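Asks: This is protein21.cif (mmCIF, C-alpha atoms and all ligand atoms).
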```
data_entry
loop_
_atom_site.group_PDB
_atom_site.id
_atom_site.type_symbol
_atom_site.label_atom_id
_atom_site.label_comp_id
_atom_site.auth_asym_id
_atom_site.auth_seq_id
_atom_site.Cartn_x
_atom_site.Cartn_y
_atom_site.Cartn_z
ATOM 1 C CA MET A 977 0.000 0.000 0.000
ATOM 2 C CA HIS A 978 2.903 2.369 0.656
ATOM 3 C CA LEU A 979 3.719 2.276 -3.048
ATOM 4 C CA LEU A 980 0.395 3.914 -3.831
ATOM 5 C CA LEU A 981 0.935 6.954 -1.659
ATOM 6 C CA PRO A 982 3.468 8.776 -3.901
ATOM 7 C CA THR A 983 1.072 8.344 -6.815
ATOM 8 C CA LEU A 984 -1.836 9.732 -4.872
ATOM 9 C CA THR A 985 0.268 12.655 -3.684
ATOM 10 C CA LEU A 986 1.329 13.366 -7.254
ATOM 11 C CA LEU A 987 -2.242 13.201 -8.506
ATOM 12 C CA ALA A 988 -3.412 15.500 -5.714
ATOM 13 C CA THR A 989 -0.658 17.986 -6.576
ATOM 14 C CA LEU A 990 -1.506 17.941 -10.259
ATOM 15 C CA GLY A 991 -5.181 18.242 -9.424
ATOM 16 C CA THR A 992 -4.664 21.532 -7.613
ATOM 17 C CA LEU A 993 -2.662 22.897 -10.538
ATOM 18 C CA GLY A 994 -5.098 21.900 -13.237
ATOM 19 C CA THR A 995 -8.809 21.800 -13.754
ATOM 20 C CA ALA A 996 -11.232 19.201 -12.447
ATOM 21 C CA THR A 997 -11.194 17.733 -15.936
ATOM 22 C CA THR A 998 -7.444 17.204 -15.775
ATOM 23 C CA ALA A 999 -7.716 15.493 -12.405
ATOM 24 C CA ASP A 1000 -10.467 13.235 -13.686
ATOM 25 C CA THR A 1001 -8.311 12.236 -16.610
ATOM 26 C CA LEU A 1002 -5.390 11.324 -14.356
ATOM 27 C CA ARG A 1003 -7.370 9.399 -11.784
ATOM 28 C CA PRO A 1004 -7.181 5.678 -12.625
ATOM 29 C CA LYS A 1005 -10.552 4.398 -13.761
ATOM 30 C CA ASN A 1006 -9.660 0.891 -14.857
ATOM 31 C CA TRP A 1007 -8.307 -2.044 -13.017
ATOM 32 C CA ASP A 1008 -5.202 -3.210 -14.809
ATOM 33 C CA LEU A 1009 -3.553 -6.641 -14.867
ATOM 34 C CA ARG A 1010 -0.229 -7.471 -16.466
ATOM 35 C CA LEU A 1011 1.852 -10.636 -16.593
ATOM 36 C CA LEU A 1012 5.516 -9.725 -16.823
ATOM 37 C CA LYS A 1013 8.814 -11.228 -17.869
ATOM 38 C CA PRO A 1014 11.731 -10.811 -15.381
ATOM 39 C CA GLY A 1015 12.760 -7.222 -14.616
ATOM 40 C CA CYS A 1016 9.666 -5.765 -12.944
ATOM 41 C CA GLN A 1017 10.139 -2.200 -11.656
ATOM 42 C CA PRO A 1018 7.743 -1.313 -8.798
ATOM 43 C CA SER A 1019 7.346 2.294 -9.916
ATOM 44 C CA GLY A 1020 7.551 1.733 -13.662
ATOM 45 C CA SER A 1021 4.934 0.956 -16.284
ATOM 46 C CA ASN A 1022 6.722 -2.331 -17.128
ATOM 47 C CA PHE A 1023 5.186 -2.028 -20.558
ATOM 48 C CA ASP A 1024 8.268 -3.425 -22.295
ATOM 49 C CA ILE A 1025 8.285 -6.692 -20.320
ATOM 50 C CA SER A 1026 4.535 -7.255 -20.446
ATOM 51 C CA VAL A 1027 3.373 -10.449 -22.144
ATOM 52 C CA TYR A 1028 -0.322 -10.212 -21.182
ATOM 53 C CA HIS A 1029 -2.512 -7.224 -20.432
ATOM 54 C CA ALA A 1030 -6.143 -6.955 -19.393
ATOM 55 C CA GLN A 1031 -8.107 -4.036 -18.009
ATOM 56 C CA GLY A 1032 -11.683 -3.206 -17.180
ATOM 57 C CA VAL A 1033 -14.102 -1.028 -15.271
ATOM 58 C CA SER A 1034 -16.316 -3.772 -13.843
ATOM 59 C CA ASP A 1035 -15.986 -7.285 -12.498
ATOM 60 C CA ARG A 1036 -14.662 -9.930 -14.888
ATOM 61 C CA PRO A 1037 -15.731 -13.554 -14.854
ATOM 62 C CA CYS A 1038 -13.218 -16.375 -15.195
ATOM 63 C CA MET A 1039 -10.462 -15.805 -17.737
ATOM 64 C CA ASP A 1040 -8.541 -18.893 -18.869
ATOM 65 C CA LEU A 1041 -4.922 -18.059 -19.695
ATOM 66 C CA THR A 1042 -4.413 -21.396 -21.444
ATOM 67 C CA THR A 1043 -6.719 -20.234 -24.238
ATOM 68 C CA VAL A 1044 -4.892 -16.948 -24.902
ATOM 69 C CA ARG A 1045 -3.251 -17.170 -28.312
ATOM 70 C CA GLY A 1046 0.461 -16.483 -28.335
ATOM 71 C CA LEU A 1047 0.821 -16.327 -24.546
ATOM 72 C CA ASN A 1048 3.752 -18.453 -23.341
ATOM 73 C CA LEU A 1049 3.235 -18.776 -19.581
ATOM 74 C CA SER A 1050 6.723 -20.167 -19.013
ATOM 75 C CA LEU A 1051 8.038 -16.647 -19.735
ATOM 76 C CA VAL A 1052 6.005 -15.108 -16.895
ATOM 77 C CA ASP A 1053 7.957 -14.106 -13.775
ATOM 78 C CA THR A 1054 5.822 -11.529 -11.963
ATOM 79 C CA VAL A 1055 2.346 -10.042 -11.902
ATOM 80 C CA SER A 1056 1.151 -6.436 -11.698
ATOM 81 C CA TRP A 1057 -2.353 -5.576 -10.454
ATOM 82 C CA LYS A 1058 -3.661 -2.050 -10.020
ATOM 83 C CA SER A 1059 -7.209 -1.114 -9.130
ATOM 84 C CA PRO A 1060 -8.897 2.254 -8.869
ATOM 85 C CA SER A 1061 -9.856 3.081 -5.286
ATOM 86 C CA ASP A 1062 -13.540 3.625 -5.939
ATOM 87 C CA PRO A 1063 -14.951 1.334 -7.051
ATOM 88 C CA GLN A 1064 -12.172 -1.037 -6.055
ATOM 89 C CA PHE A 1065 -11.686 -4.508 -7.452
ATOM 90 C CA ASP A 1066 -9.781 -7.535 -6.140
ATOM 91 C CA LEU A 1067 -7.859 -10.137 -8.147
ATOM 92 C CA CYS A 1068 -8.498 -13.861 -7.632
ATOM 93 C CA MET A 1069 -5.951 -16.342 -9.018
ATOM 94 C CA TYR A 1070 -6.574 -20.049 -9.671
ATOM 95 C CA ALA A 1071 -4.329 -22.990 -10.453
ATOM 96 C CA ARG A 1072 -6.552 -24.078 -13.327
ATOM 97 C CA GLY A 1073 -8.104 -22.186 -16.194
ATOM 98 C CA ASP A 1074 -11.645 -23.049 -15.091
ATOM 99 C CA CYS A 1075 -11.234 -20.953 -11.903
ATOM 100 C CA ALA A 1076 -12.530 -23.800 -9.746
ATOM 101 C CA ALA A 1077 -12.583 -22.584 -6.136
ATOM 102 C CA ASP A 1078 -10.584 -25.565 -4.838
ATOM 103 C CA GLY A 1079 -7.726 -24.349 -7.025
ATOM 104 C CA LEU A 1080 -7.593 -20.862 -5.525
ATOM 105 C CA VAL A 1081 -3.891 -20.006 -5.124
ATOM 106 C CA GLY A 1082 -3.946 -16.300 -4.323
ATOM 107 C CA GLU A 1083 -5.860 -13.074 -3.938
ATOM 108 C CA ILE A 1084 -4.784 -9.433 -4.189
ATOM 109 C CA ARG A 1085 -7.138 -7.496 -1.937
ATOM 110 C CA ASP A 1086 -5.508 -4.142 -1.245
ATOM 111 C CA GLY A 1087 -5.998 -2.627 -4.680
ATOM 112 C CA TRP A 1088 -2.341 -2.702 -5.575
ATOM 113 C CA GLY A 1089 0.129 -5.505 -6.185
ATOM 114 C CA VAL A 1090 3.167 -4.765 -8.313
ATOM 115 C CA CYS A 1091 6.002 -7.215 -8.999
ATOM 116 C CA VAL A 1092 4.154 -10.023 -7.203
ATOM 117 C CA GLY A 1093 5.751 -13.406 -7.915
ATOM 118 C CA TYR A 1094 3.833 -15.419 -10.486
ATOM 119 C CA ALA A 1095 2.571 -18.570 -8.769
ATOM 120 C CA LYS A 1096 1.952 -20.521 -12.001
ATOM 121 C CA TRP A 1097 -1.789 -19.857 -11.953
ATOM 122 C CA LYS A 1098 -3.814 -20.273 -15.136
ATOM 123 C CA GLY A 1099 -7.183 -18.698 -14.364
ATOM 124 C CA TRP A 1100 -8.180 -15.334 -12.879
ATOM 125 C CA LYS A 1101 -11.192 -13.224 -12.021
ATOM 126 C CA ALA A 1102 -11.691 -9.586 -11.119
ATOM 127 C CA VAL A 1103 -14.286 -9.286 -8.353
ATOM 128 C CA GLU A 1104 -15.811 -6.347 -6.556
ATOM 129 C CA LYS A 1105 -13.862 -5.389 -3.436
ATOM 130 C CA GLY A 1106 -14.435 -7.922 -0.694
ATOM 131 C CA ALA A 1107 -16.390 -10.370 -2.863
ATOM 132 C CA GLU A 1108 -15.564 -14.049 -2.434
ATOM 133 C CA CYS A 1109 -13.205 -15.704 -4.922
ATOM 134 C CA ASP A 1110 -15.295 -18.881 -5.153
HETATM 135 C C1 LIG B 1 8.021 -20.714 -24.139
HETATM 136 O O1 LIG B 1 9.141 -20.136 -23.527
HETATM 137 C C2 LIG B 1 10.110 -21.082 -23.113
HETATM 138 C C3 LIG B 1 11.174 -20.331 -22.326
HETATM 139 O O2 LIG B 1 11.746 -19.318 -23.096
HETATM 140 C C4 LIG B 1 10.660 -21.790 -24.326
HETATM 141 O O3 LIG B 1 11.612 -22.756 -23.923
HETATM 142 C C5 LIG B 1 9.519 -22.478 -25.065
HETATM 143 O O4 LIG B 1 10.008 -23.051 -26.261
HETATM 144 C C6 LIG B 1 8.429 -21.479 -25.386
HETATM 145 N N1 LIG B 1 7.286 -22.178 -25.948
HETATM 146 C C7 LIG B 1 6.711 -21.800 -27.074
HETATM 147 C C8 LIG B 1 5.530 -22.590 -27.498
HETATM 148 O O5 LIG B 1 7.109 -20.844 -27.719
#
```
Can you dump the structure from the file as structure tokens?
Ligand SMILES: *[C@@H]1O[C@H](CO)[C@@H](O)[C@H](O)[C@H]1NC(C)=O
Replies:
Amino acid sequence: MHLLLPTLTLLATLGTLGTATTADTLRPKNWDLRLLKPGCQPSGSNFDISVYHAQGVSDRPCMDLTTVRGLNLSLVDTVSWKSPSDPQFDLCMYARGDCAADGLVGEIRDGWGVCVGYAKWKGWKAVEKGAECD
């Protein structure tokens, strides 16, 4: 969570300098998930090492990584998850692509998880903050 504070401070500073429209543009609206090759930088965009990217503004039912064309999961080293604060979304990660609850291997619940080790999961969901992963 401490990683988010500099960003919020920056956005607040820019917001006072610009118009409400500028602040609205800068405020993150989407949740954003990336799977990354080695080299994750906590404060960077990590765009150049990204091998999978998904984003949205609402919850997302089960996504099966094994069906994503051209995605080689053996290249994935870390995960980046960023959620807007309101509404906030949580990431659920599953061992298998069907997102069966008995294969739940991790959750990111604080709205922010950058350079999190990739635990070889193959299915994920975005749920509303606090919603169950099953
Ligand atoms: C996936 O990446 C690994 C590690 O670089 C490589 O050995 C393997 O051949 C790749 N698989 C495909 C299907 O490209």
Asks: Take every atom of range 1019-1033 of chain A listed in the file, pad by 6 Å on each side, and give me the axis-aligned box centre and edge lengths in Å, one decimal, as lines of an AutoDock Vina configuration file.
Replies:
```
center_x = -2.9
center_y = -4.1
center_z = -16.1
size_x = 34.4
size_y = 24.7
size_z = 24.4
```
Asks: What residues of the protein or nucleic acid chains come within 7 Å of ligand LIG 1 (chain B) when you use all atoms listed in the file? Reply as a list in words.
Replies: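 Here is the list of contacting residues: Asn1048, Leu1049, Ser1050 and Leu1051 of chain A.
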Asks: Between A:Lys1101, A:Lys1005, A:Arg1036, A:Lys1013, which is the closest to Arg1072 in chain A once you count all atoms listed in the file?
Replies: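 For Arg1072 in chain A, the nearest of the candidates is A:Lys1101.
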Asks: If I take CA of Asp1053 in chain A and CA of Glu1108 in chain A, how far is one from the other in Å, to one decimal?
Replies: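 Spanning CA of Asp1053 in chain A to CA of Glu1108 in chain A is a straight-line distance of 26.1 Å.
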Asks: To one decimal in Å, tell me the separation between CA of Cys1038 in chain A and CA of Gly1073 in chain A.
Replies: 7.8 Å
Asks: I'd like to see the residues matched by the PyMOL selection byres (((chain A and resi 1079) around 10) and not hetatm) on this file, and ideally I'd get them as JSON, numbers by chain.
Replies: {"A": [1069, 1070, 1071, 1072, 1073, 1074, 1075, 1076, 1077, 1078, 1080, 1081, 1082, 1097, 1098, 1099, 1110]}
Asks: Measuring atom to atom with only C-alpha atoms, identify which of A:Gly1046, A:Cys1016, A:Ser1056, A:Phe1065 is nearest to His1029 in chain A.
Replies: A:Ser1056
Asks: What lies within 10 Å of Gly1015 in chain A using all atoms listed in the file, ignoring chain neighbours under 5 positions off, as a ChimeraX atom specification?
Replies: /A:1022,1024-1025,1053-1054,1091
Asks: Would you mind telling me which residue in A:Trp1057, A:Cys1068, A:Val1033, A:Cys1109 lies nearest to Ser1021 in chain A when using all atoms listed in the file?
Replies: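 Answer, going by the shortest atom-to-atom distance: A:Trp1057.
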Asks: Record the distance separating CA of Ile1084 in chain A and CA of Asp1066 in chain A, expressed in Å with one decimal.
Replies: 5.7 Å
Asks: Could you tell me which of A:Leu1009, A:Val1027, A:Met1039, A:Val1044 comes closest to Trp1088 in chain A if we count all atoms listed in the file?
Replies: A:Leu1009
Asks: Of the candidates A:Asp1040, A:Asp1008, A:Glu1104, A:Asp1086, which shows the shortest atom-to-atom distance to Ser1026 in chain A, using only C-alpha atoms?
Replies: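 Nearest to Ser1026 in chain A: A:Asp1008.
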Asks: Running the PyMOL selection byres (((chain A and resi 1094) around 7) and not hetatm) on this model by hand, what would come out? Give it as a list in words.
Replies: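 That selection, the PyMOL selection byres (((chain A and resi 1094) around 7) and not hetatm), comes back as Val1052, Asp1053, Thr1054, Val1055, Val1092, Gly1093, Ala1095 and Lys1096 of chain A.
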Asks: How would the residues just chosen look if you wrote them out with C-alpha atoms as a PDB file, in the frame of the given file?
Replies:
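Full text of again07.pdb as output:
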```pdb
ATOM      1  CA  VAL A1052       6.005 -15.108 -16.895  1.00  0.00           C
ATOM      2  CA  ASP A1053       7.957 -14.106 -13.775  1.00  0.00           C
ATOM      3  CA  THR A1054       5.822 -11.529 -11.963  1.00  0.00           C
ATOM      4  CA  VAL A1055       2.346 -10.042 -11.902  1.00  0.00           C
ATOM      5  CA  VAL A1092       4.154 -10.023  -7.203  1.00  0.00           C
ATOM      6  CA  GLY A1093       5.751 -13.406  -7.915  1.00  0.00           C
ATOM      7  CA  ALA A1095       2.571 -18.570  -8.769  1.00  0.00           C
ATOM      8  CA  LYS A1096       1.952 -20.521 -12.001  1.00  0.00           C
TER       9      LYS A1096
END
```
Asks: Near Pro1063 in chain A, counting all atoms listed in the file, which residues have an atom at most 12 Å away, once you skip same-chain residues fewer than 3 positions from it, shown as a PyMOL selection string?
Replies: chain A and resi 1004-1007+1032-1035+1059-1060+1066+1087+1103-1106
Asks: Missing atoms in range 1071-1088 of chain A: fill them in up to N, CA and C atoms and send the result as an mmCIF file, in the coordinates of the input.
Replies:
```cif
data_model
loop_
_atom_site.group_PDB
_atom_site.id
_atom_site.type_symbol
_atom_site.label_atom_id
_atom_site.label_comp_id
_atom_site.auth_asym_id
_atom_site.auth_seq_id
_atom_site.Cartn_x
_atom_site.Cartn_y
_atom_site.Cartn_z
ATOM 1 N N ALA A 1071 -5.292 -22.080 -9.841
ATOM 2 C CA ALA A 1071 -4.329 -22.990 -10.453
ATOM 3 C C ALA A 1071 -4.763 -23.399 -11.857
ATOM 4 N N ARG A 1072 -6.072 -23.580 -12.043
ATOM 5 C CA ARG A 1072 -6.552 -24.078 -13.327
ATOM 6 C C ARG A 1072 -7.376 -23.013 -14.049
ATOM 7 N N GLY A 1073 -7.440 -23.168 -15.353
ATOM 8 C CA GLY A 1073 -8.104 -22.186 -16.194
ATOM 9 C C GLY A 1073 -9.603 -22.093 -15.995
ATOM 10 N N ASP A 1074 -10.192 -23.095 -15.325
ATOM 11 C CA ASP A 1074 -11.645 -23.049 -15.091
ATOM 12 C C ASP A 1074 -12.012 -22.266 -13.831
ATOM 13 N N CYS A 1075 -11.005 -21.749 -13.121
ATOM 14 C CA CYS A 1075 -11.234 -20.953 -11.903
ATOM 15 C C CYS A 1075 -12.030 -21.715 -10.843
ATOM 16 N N ALA A 1076 -11.856 -23.025 -10.794
ATOM 17 C CA ALA A 1076 -12.530 -23.800 -9.746
ATOM 18 C C ALA A 1076 -12.006 -23.353 -8.384
ATOM 19 N N ALA A 1077 -12.935 -23.170 -7.431
ATOM 20 C CA ALA A 1077 -12.583 -22.584 -6.136
ATOM 21 C C ALA A 1077 -11.563 -23.418 -5.372
ATOM 22 N N ASP A 1078 -11.564 -24.743 -5.570
ATOM 23 C CA ASP A 1078 -10.584 -25.565 -4.838
ATOM 24 C C ASP A 1078 -9.166 -25.374 -5.379
ATOM 25 N N GLY A 1079 -9.046 -24.651 -6.485
ATOM 26 C CA GLY A 1079 -7.726 -24.349 -7.025
ATOM 27 C C GLY A 1079 -7.285 -22.917 -6.767
ATOM 28 N N LEU A 1080 -7.960 -22.252 -5.841
ATOM 29 C CA LEU A 1080 -7.593 -20.862 -5.525
ATOM 30 C C LEU A 1080 -6.171 -20.817 -4.955
ATOM 31 N N VAL A 1081 -5.280 -20.059 -5.587
ATOM 32 C CA VAL A 1081 -3.891 -20.006 -5.124
ATOM 33 C C VAL A 1081 -3.492 -18.632 -4.607
ATOM 34 N N GLY A 1082 -4.320 -17.610 -4.836
ATOM 35 C CA GLY A 1082 -3.946 -16.300 -4.323
ATOM 36 C C GLY A 1082 -5.020 -15.271 -4.582
ATOM 37 N N GLU A 1083 -4.942 -14.198 -3.791
ATOM 38 C CA GLU A 1083 -5.860 -13.074 -3.938
ATOM 39 C C GLU A 1083 -5.047 -11.796 -3.721
ATOM 40 N N ILE A 1084 -5.359 -10.750 -4.464
ATOM 41 C CA ILE A 1084 -4.784 -9.433 -4.189
ATOM 42 C C ILE A 1084 -5.944 -8.537 -3.800
ATOM 43 N N ARG A 1085 -5.965 -8.142 -2.523
ATOM 44 C CA ARG A 1085 -7.138 -7.496 -1.937
ATOM 45 C C ARG A 1085 -6.931 -6.022 -1.571
ATOM 46 N N ASP A 1086 -5.719 -5.508 -1.716
ATOM 47 C CA ASP A 1086 -5.508 -4.142 -1.245
ATOM 48 C C ASP A 1086 -5.461 -3.130 -2.381
ATOM 49 N N GLY A 1087 -5.889 -3.556 -3.572
ATOM 50 C CA GLY A 1087 -5.998 -2.627 -4.680
ATOM 51 C C GLY A 1087 -4.718 -2.419 -5.470
ATOM 52 N N TRP A 1088 -3.635 -3.016 -4.986
ATOM 53 C CA TRP A 1088 -2.341 -2.702 -5.575
ATOM 54 C C TRP A 1088 -1.391 -3.858 -5.317
#
```
